[in-house]
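In what follows, a single structure is set out as structure tokens and then discussed.
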Amino acid sequence: MQQPASSIPVIEQETHRPRSRWCPKVIQPCLVTAVLSLCFPIVIFLAIPATMSPTFSLDPASSLSSFNVSDSHVTAEWALVFSIENPSKLIPVKYSHMKATIVVDSIPLAHAKISPFTQKAASHTNVRAHFHSDLPRANEFSVKSLVSGLERGEVRVDVVLSSGRRLSLGACWVPVFDVSVTCNDLIFTAESDGGGLTLLVGSNYCILGFFGYI
């Protein structure tokens, strides 16, 4: 008997459709647009407050609390109170790495570091800095000028202040421009009781700059 011929199995080849080239061309611009749409409001939200200048001045409570002039040294204790205003009505500001220097005739007299602090939106903050100066009695013009001012009851100095700043963005603090402040030609005059020298009202004007000074 003739056996039936066995049927040859048919192998179906798996076909792969070529991936559409349009997918990356459509997805990539969409992603870029989405990222820009999210980032642009954040940049604007931070850029406007970052360019709003805070206001710095010296409070009239600032004083040269005590001093001593001997044959060998000139010592003095200073207490300066900086008044800072945050102009932004929405964003708190964090100040850090703040330092100040008292200058007499372009010569640094004393330095002080100020603890970091956070300032609420649309608020005033008073920050106190304590300085101790101890200079040898010398023939330098700056020392002579300081001694002469102490003896007649009127001392003129400059103050330089610098600080880093960060703005609040939800739970994050975003670094922005550092600030530098110069308070020129401050006048401290003798008190009536002879206890020390206080800041003359009207001489506490400060000029704001950026990118660090000290």
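Letters A, B, ... go to the chains of the structure tokens in the order shown; residues in each chain start at 1; ligands are counted from 1 in the same order.
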
Counting only C-alpha atoms, which residues of segment 75-160 of chain A fall within 7 Å of segment 171-191 of chain A, and what is the closest atom pair for each with its distance in Å at one decimal, ordered by chain and rising number, as a Markdown table?
| residue | atom | partner | partner_atom | distance |
| --- | --- | --- | --- | --- |
| A:Gly153 | CA | A:Ala190 | CA | 4.8 |
| A:Glu154 | CA | A:Thr189 | CA | 4.5 |
| A:Val155 | CA | A:Phe188 | CA | 5.1 |
| A:Arg156 | CA | A:Ile187 | CA | 4.6 |
| A:Val157 | CA | A:Leu186 | CA | 5.3 |
| A:Asp158 | CA | A:Asn184 | CA | 4.6 |
| A:Val159 | CA | A:Cys183 | CA | 5.0 |
| A:Val160 | CA | A:Thr182 | CA | 4.6 |

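Of the residues under consideration (A:Leu161, A:Val74, A:Leu150, A:Leu64), A:Leu161 shows the shortest atom-to-atom contact distance to His97 of chain A when counting only C-alpha atoms.
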
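Taking atom CA of Leu58 of chain A as the reference point, atom CA of Arg166 of chain A is found at 22.4 Å.
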
Inset, instruction - From segment 67-99 of chain A, collect each residue whose DSSP state is strand (DSSP E or B) and return the set as a PyMOL selection string. - result: chain A and resi 67-69+73-85+93-99

Save the residues we just selected, C-alpha atoms, as a PDB file, in the first residue's frame?
ATOM      1  CA  PHE A  67      37.418 102.802  74.737  1.00  0.00           C
ATOM      2  CA  ASN A  68      40.801 103.221  76.343  1.00  0.00           C
ATOM      3  CA  VAL A  69      43.790 105.170  75.075  1.00  0.00           C
ATOM      4  CA  HIS A  73      47.565 100.670  72.869  1.00  0.00           C
ATOM      5  CA  VAL A  74      44.201 101.966  71.720  1.00  0.00           C
ATOM      6  CA  THR A  75      41.301  99.635  72.534  1.00  0.00           C
ATOM      7  CA  ALA A  76      37.612 100.059  71.808  1.00  0.00           C
ATOM      8  CA  GLU A  77      34.368  98.102  71.995  1.00  0.00           C
ATOM      9  CA  TRP A  78      31.822  98.652  69.249  1.00  0.00           C
ATOM     10  CA  ALA A  79      28.192  97.517  69.051  1.00  0.00           C
ATOM     11  CA  LEU A  80      26.642  98.056  65.627  1.00  0.00           C
ATOM     12  CA  VAL A  81      23.005  97.315  64.849  1.00  0.00           C
ATOM     13  CA  PHE A  82      22.203  96.722  61.176  1.00  0.00           C
ATOM     14  CA  SER A  83      18.604  97.285  60.090  1.00  0.00           C
ATOM     15  CA  ILE A  84      17.660  95.112  57.086  1.00  0.00           C
ATOM     16  CA  GLU A  85      14.413  95.296  55.110  1.00  0.00           C
ATOM     17  CA  VAL A  93      15.358  85.309  52.626  1.00  0.00           C
ATOM     18  CA  LYS A  94      18.100  83.419  54.434  1.00  0.00           C
ATOM     19  CA  TYR A  95      21.355  85.283  55.153  1.00  0.00           C
ATOM     20  CA  SER A  96      24.565  83.355  55.837  1.00  0.00           C
ATOM     21  CA  HIS A  97      28.341  83.844  55.989  1.00  0.00           C
ATOM     22  CA  MET A  98      27.713  87.419  57.078  1.00  0.00           C
ATOM     23  CA  LYS A  99      30.721  89.441  58.169  1.00  0.00           C
TER      24      LYS A  99
END

Legend entry - Residue nearest Ser63 of chain A - candidates A:Gly195, A:Gly202, A:Gly149, A:Pro87, atoms counted: only C-alpha atoms: A:Gly195
